[in-house]
Amino acid sequence: MKVCHVITRMIVGGAQENTLFSAQGLVESGHECTLMTGPSPGPEGELLARTGAPDGIKVETCPYLVREISPVNDLKAYFFLRNYFREHDFDVVHTHSSKAGIIGRLAARAAGVPVVVHTIHGLPFHPREKWWKNRLYAALEAYAAKHCDRIFAVAQAMVDQALARNIGTPDMYQVVYSGMNLTHFLTAERDPGLRAALGIPEHAKVLGTVARLFPLKGYEELMKIAPDLLRAEKDLYFLFVGDGELHEKLKKQAEDGGFADRIVFAGLVAPSEVGKYIAQMDVLAHFSLREGLPRAAVQALACGKPVVAYPLDGTPEVVMDGKTGILCPPDDTAAMTEAIGRLLADGALRERMGSAGRELVRGKFAWRNMSDTLIAAYEKLLNDKALRRV
């Protein structure tokens with residue numbers, strides 16, 4: 001097969017890693033794969049600059065495919081992609097992320113690509129967004145759904161939310177859990193040398209996060225409860241893995257609160273190194289208010305670390321309350337403080353939840369399982385279309 005994956009940006013992020021593994025699985029199975037992306041600047045870092053593209057994957061850039069709504073660029077991106085798809089005669093176009101998903105599906109269908117599919121990594125509408133934007137995004141997603149053959153979703157919650165907005169029909173959807181290279185996480189161990197390099201004492205307890213330092217990722221809520229957590233746990237440190245526009249604001253907030261010496265900003269970490277940092281944590285906090293399926297939670301559980309999170313979107317599909325972690329009502333600082341405090345104080349509870357989490361994710365989120373499932377879906381859709389033409 002000849003397949004083109006299309007994504008808005010190849011920043012360091014979950015959707016981007018997912019897409020890269022999907023592409024890698026194709027070429028390793030003997031298929032042709034092109035990865036089309038828009039420009040990828042930003043504080044999150046460029047994924048391909050850090051990992052490189054796997055051998056055999058052709059990487060192309062559409063200069064007009066930008067994250068922001070831009071009617072002029074969006075129209076240029078549509079024509080650019082339509083012409084590119086026509087010239088290269090793809091069997092399958094697989095789009096990712098909302099902007100690339102809308103423009104890419106319309107362009108692929110106009111170009112006559114036999115099979116057009118899309119993955120929902122996270123929906124663009126959510127309760128914290130302006131009502132009119134939610135209505136616009138839902139209408140665009142519903143229109144784009146009419147121009148594709150299959151919609152994959154990284155969690156059942158994404159399917160339910162999309163159908164509730166009349167996006168597509170139930171028979172169009174297929175849940176394919178986001179694949180990851182779990183080896184780095186399953187084998188990661190506590191490392192006194194890394195802790196020392198980070199300035200974290202060997203005896204200290206560590207509450208960690210792995211997320212972009214951006215709004216809606218839960219950092220504001222975590223900073224609110226930091227003083228109470230530090231009063232309860234005298235030797236507690238915070239380890240923030242990631243970077244973004246909130247970096248300076250969070251740093252100043254910690255300085256003003258008198259606990260700057262207890263927060264370690266690890267910055268951007270190569271995907272293959274993230275497991276080493278999670279292994280230094282005792283608990284992962286993931287208070288994201290908008291998520292498809294939280295890769296950070298899966299990665300923490302693979303490291304044997306319990307997770308405290310909100311029961312939003314696909315999170316309860318991996319953070320099972322009382323089994324692999326604790327779920328708290330959004331913005332309930334008392335519940336958040338209590339849950340984290342309980343885990344930090346009880347080593348046996350952490351061990352039990354972490355072990356259950358490791359068993360849950362070990363096979364379910366292996367990236368080759370994801371890739372094989374997608375390839376089988378492409379082949380079936382192509383075969384079905386060929387039969388219908390006969």
# chains A, B, ... in the order shown; residues from 1 in each chain; ligands from 1
$ residues_around --residues "segment 323-336 of chain A" --least-positions-apart "5" --cutoff "10 Å" --atoms "only C-alpha atoms" --output "PyMOL selection string"
chain A and resi 218+220-222+224-225+228-229+283-289+297+301+304-312+315-316+318+341-343+349-360
$ residues_around --residues "Ala110 of chain A" --least-positions-apart "4" --cutoff "12 Å" --atoms "only C-alpha atoms" --output "JSON list (two decimals) with N, CA and C atoms, in the first residue's frame"
[["chain", "number", "residue", "atom", "x", "y", "z"],
["A", 78, "TYR", "N", -5.43, 23.50, 1.64],
["A", 78, "TYR", "CA", -6.35, 22.59, 0.96],
["A", 78, "TYR", "C", -5.88, 22.30, -0.47],
["A", 79, "PHE", "N", -5.58, 23.33, -1.22],
["A", 79, "PHE", "CA", -5.16, 23.14, -2.61],
["A", 79, "PHE", "C", -3.80, 22.46, -2.70],
["A", 80, "PHE", "N", -2.90, 22.82, -1.78],
["A", 80, "PHE", "CA", -1.58, 22.18, -1.74],
["A", 80, "PHE", "C", -1.73, 20.67, -1.54],
["A", 81, "LEU", "N", -2.53, 20.29, -0.54],
["A", 81, "LEU", "CA", -2.70, 18.87, -0.23],
["A", 81, "LEU", "C", -3.46, 18.14, -1.34],
["A", 82, "ARG", "N", -4.50, 18.77, -1.86],
["A", 82, "ARG", "CA", -5.26, 18.12, -2.93],
["A", 82, "ARG", "C", -4.36, 17.81, -4.12],
["A", 83, "ASN", "N", -3.55, 18.78, -4.51],
["A", 83, "ASN", "CA", -2.66, 18.58, -5.64],
["A", 83, "ASN", "C", -1.60, 17.52, -5.34],
["A", 84, "TYR", "N", -1.09, 17.54, -4.12],
["A", 84, "TYR", "CA", -0.06, 16.56, -3.73],
["A", 84, "TYR", "C", -0.64, 15.15, -3.76],
["A", 85, "PHE", "N", -1.83, 14.99, -3.23],
["A", 85, "PHE", "CA", -2.46, 13.65, -3.22],
["A", 85, "PHE", "C", -2.71, 13.17, -4.64],
["A", 86, "ARG", "N", -3.12, 14.05, -5.53],
["A", 86, "ARG", "CA", -3.37, 13.67, -6.92],
["A", 86, "ARG", "C", -2.08, 13.23, -7.60],
["A", 93, "VAL", "N", -5.08, 7.91, 2.70],
["A", 93, "VAL", "CA", -4.64, 9.11, 3.41],
["A", 93, "VAL", "C", -5.22, 9.02, 4.82],
["A", 103, "ILE", "N", -9.00, 19.73, 6.89],
["A", 103, "ILE", "CA", -8.50, 20.11, 5.56],
["A", 103, "ILE", "C", -8.02, 18.88, 4.79],
["A", 104, "GLY", "N", -7.31, 17.99, 5.47],
["A", 104, "GLY", "CA", -6.75, 16.82, 4.81],
["A", 104, "GLY", "C", -7.80, 15.87, 4.28],
["A", 105, "ARG", "N", -8.86, 15.64, 5.04],
["A", 105, "ARG", "CA", -9.91, 14.74, 4.57],
["A", 105, "ARG", "C", -10.63, 15.30, 3.34],
["A", 106, "LEU", "N", -10.93, 16.59, 3.38],
["A", 106, "LEU", "CA", -11.61, 17.20, 2.23],
["A", 106, "LEU", "C", -10.71, 17.16, 0.99],
["A", 114, "PRO", "N", -8.63, 6.55, -2.70],
["A", 114, "PRO", "CA", -9.61, 5.49, -2.45],
["A", 114, "PRO", "C", -10.09, 5.37, -1.00],
["A", 115, "VAL", "N", -9.15, 5.43, -0.05],
["A", 115, "VAL", "CA", -9.51, 5.28, 1.36],
["A", 115, "VAL", "C", -9.00, 6.48, 2.15],
["A", 116, "VAL", "N", -9.91, 7.13, 2.86],
["A", 116, "VAL", "CA", -9.57, 8.30, 3.68],
["A", 116, "VAL", "C", -10.00, 8.00, 5.11],
["A", 144, "ALA", "N", -16.49, 17.11, 7.95],
["A", 144, "ALA", "CA", -15.32, 16.33, 7.54],
["A", 144, "ALA", "C", -15.60, 14.83, 7.65],
["A", 147, "HIS", "N", -16.67, 12.94, 4.72],
["A", 147, "HIS", "CA", -15.69, 12.80, 3.63],
["A", 147, "HIS", "C", -14.59, 11.81, 3.99],
["A", 148, "CYS", "N", -14.90, 10.84, 4.83],
["A", 148, "CYS", "CA", -13.92, 9.80, 5.13],
["A", 148, "CYS", "C", -14.62, 8.46, 5.33]]
$ select_by_dssp --residues "segment 178-377 of chain A" --states "helix (DSSP H, G or I)" --output "VMD selection string"
chain A and resid 183 to 186 192 to 198 219 to 232 247 to 257 260 to 262 271 to 278 295 to 302 315 to 317 333 to 345 347 to 364 367 to 377
$ residues_around --residues "His94 of chain A" --least-positions-apart "3" --cutoff "8 Å" --atoms "only C-alpha atoms" --output "ChimeraX atom specification"
/A:3-6,116-119
$ write_last_selection --atoms "N, CA and C atoms" --output "compact mmCIF listing (two decimals), in the first residue's frame"
# COMPACT_ATOMS: atom_id res chain seq x y z
N VAL A 3 0.67 4.94 1.52
CA VAL A 3 -0.10 5.64 2.54
C VAL A 3 0.54 6.99 2.87
N CYS A 4 -0.30 7.99 3.07
CA CYS A 4 0.18 9.30 3.52
C CYS A 4 -0.48 9.66 4.84
N HIS A 5 0.33 9.87 5.86
CA HIS A 5 -0.16 10.39 7.15
C HIS A 5 -0.04 11.91 7.12
N VAL A 6 -1.06 12.60 7.59
CA VAL A 6 -1.08 14.06 7.59
C VAL A 6 -1.37 14.55 9.00
N VAL A 116 -9.91 7.13 2.86
CA VAL A 116 -9.57 8.30 3.68
C VAL A 116 -10.00 8.00 5.11
N VAL A 117 -9.06 8.08 6.03
CA VAL A 117 -9.36 7.78 7.44
C VAL A 117 -8.79 8.89 8.33
N HIS A 118 -9.27 8.94 9.56
CA HIS A 118 -8.86 9.99 10.50
C HIS A 118 -8.76 9.40 11.89
N THR A 119 -7.82 9.92 12.68
CA THR A 119 -7.72 9.54 14.10
C THR A 119 -8.05 10.74 14.97
$ closest_atom_pairs --of "segment 348-387 of chain A" --to "segment 18-28 of chain A" --cutoff "7 Å" --atoms "only C-alpha atoms" --output "JSON lines"
{"residue": "A:Trp367", "atom": "CA", "partner": "A:Phe21", "partner_atom": "CA", "distance": 6.5}
{"residue": "A:Arg368", "atom": "CA", "partner": "A:Gly25", "partner_atom": "CA", "distance": 6.6}
{"residue": "A:Ser371", "atom": "CA", "partner": "A:Ser22", "partner_atom": "CA", "distance": 5.1}
$ write_last_selection --atoms "N, CA and C atoms" --output "PDB file, in the first residue's frame"
ATOM      1  N   TRP A 367       3.122  -0.362  20.668  1.00  0.00           N
ATOM      2  CA  TRP A 367       2.901   0.367  19.426  1.00  0.00           C
ATOM      3  C   TRP A 367       2.714  -0.543  18.219  1.00  0.00           C
ATOM      4  N   ARG A 368       3.325  -1.706  18.226  1.00  0.00           N
ATOM      5  CA  ARG A 368       3.147  -2.601  17.073  1.00  0.00           C
ATOM      6  C   ARG A 368       1.733  -3.176  17.022  1.00  0.00           C
ATOM      7  N   SER A 371      -0.134  -0.435  15.262  1.00  0.00           N
ATOM      8  CA  SER A 371       0.212  -0.386  13.848  1.00  0.00           C
ATOM      9  C   SER A 371      -0.420  -1.539  13.075  1.00  0.00           C
TER      10      SER A 371
END
$ atom_distance --atom1 "atom CA of Ala157 of chain A" --atom2 "atom CA of Pro170 of chain A"
13.0 Å
$ closest_residue --among "A:Thr8, A:Thr183, A:Thr51, A:Thr34" --to "Arg67 of chain A" --atoms "only C-alpha atoms"
A:Thr8
$ residues_around --residues "segment 243-247 of chain A" --least-positions-apart "4" --cutoff "12 Å" --atoms "only C-alpha atoms" --output "number ranges by chain"
A: 11-13, 41-45, 209-220, 223, 239, 251-254, 263-269
$ residues_around --residues "Val159 of chain A" --least-positions-apart "6" --cutoff "12 Å" --atoms "only C-alpha atoms" --output "list of chain:residue names"
A:Thr119, A:Ile120, A:His121, A:Gly122, A:Leu123, A:Arg150, A:Ile151, A:Phe152, A:Ala153, A:Arg165, A:Asn166, A:Ile167, A:Gly168, A:Thr169, A:Pro170, A:Asp171, A:Met172, A:Tyr173, A:Gln174, A:Val175, A:Val176, A:Gly292, A:Leu293, A:Asp313, A:Gly314
$ select_by_dssp --residues "segment 146-177 of chain A" --states "strand (DSSP E)" --output "count of residues only"
7
$ closest_residue --among "A:Lys205, A:Lys58, A:Arg195, A:Lys99" --to "Ala77 of chain A" --atoms "only C-alpha atoms"
A:Lys99
$ residues_around --residues "Gln299 of chain A" --least-positions-apart "2" --cutoff "9 Å" --atoms "only C-alpha atoms" --output "CSV table (one decimal) with N, CA and C atoms, in the first residue's frame"
chain,number,residue,atom,x,y,z
A,180,MET,N,2.7,2.9,22.0
A,180,MET,CA,4.0,3.5,22.5
A,180,MET,C,5.1,2.4,22.6
A,182,LEU,N,7.0,0.9,24.9
A,182,LEU,CA,6.9,0.8,26.4
A,182,LEU,C,8.2,0.2,27.0
A,185,PHE,N,10.0,2.3,29.5
A,185,PHE,CA,9.2,2.5,30.7
A,185,PHE,C,9.2,1.3,31.6
A,186,LEU,N,9.0,0.1,31.0
A,186,LEU,CA,8.9,-1.1,31.7
A,186,LEU,C,10.2,-1.5,32.4
A,274,VAL,N,12.2,9.7,28.7
A,274,VAL,CA,11.1,10.1,29.7
A,274,VAL,C,10.9,9.0,30.8
A,275,GLY,N,11.0,7.7,30.4
A,275,GLY,CA,10.9,6.7,31.4
A,275,GLY,C,11.9,6.8,32.6
A,278,ILE,N,10.4,9.4,34.9
A,278,ILE,CA,9.2,8.9,35.7
A,278,ILE,C,9.6,7.9,36.8
A,294,PRO,N,-4.6,10.0,28.0
A,294,PRO,CA,-3.3,10.5,28.5
A,294,PRO,C,-2.1,9.6,28.4
A,295,ARG,N,-1.2,9.8,27.5
A,295,ARG,CA,-0.1,9.0,27.3
A,295,ARG,C,0.8,9.0,28.6
A,296,ALA,N,0.9,10.2,29.2
A,296,ALA,CA,1.7,10.3,30.4
A,296,ALA,C,1.2,9.3,31.5
A,297,ALA,N,-0.1,9.1,31.6
A,297,ALA,CA,-0.6,8.1,32.6
A,297,ALA,C,-0.2,6.7,32.2
A,301,LEU,N,2.2,4.3,34.5
A,301,LEU,CA,1.8,3.0,34.9
A,301,LEU,C,2.7,1.9,34.4
A,302,ALA,N,3.3,2.1,33.2
A,302,ALA,CA,4.3,1.1,32.7
A,302,ALA,C,5.5,1.1,33.6
A,303,CYS,N,5.8,2.3,34.2
A,303,CYS,CA,6.9,2.4,35.2
A,303,CYS,C,6.5,1.9,36.6
A,304,GLY,N,5.3,1.5,36.7
A,304,GLY,CA,4.8,1.1,38.0
A,304,GLY,C,4.5,2.2,39.0
A,305,LYS,N,4.1,3.3,38.5
A,305,LYS,CA,3.8,4.5,39.3
A,305,LYS,C,2.3,4.8,39.3
A,358,ARG,N,0.9,-1.5,35.6
A,358,ARG,CA,1.9,-2.1,34.7
A,358,ARG,C,1.3,-3.3,34.0
A,361,VAL,N,-1.3,-2.0,31.2
A,361,VAL,CA,-0.8,-1.3,29.9
A,361,VAL,C,0.2,-2.1,29.1
$ atom_distance --atom1 "atom CA of Asn134 of chain A" --atom2 "atom CA of Glu291 of chain A"
15.6 Å
$ closest_residue --among "A:Leu381, A:Leu387, A:Leu47, A:Ala260" --to "Asp149 of chain A" --atoms "only C-alpha atoms"
A:Leu381
$ atom_distance --atom1 "atom CA of Gly56 of chain A" --atom2 "atom CA of Lys380 of chain A"
23.7 Å
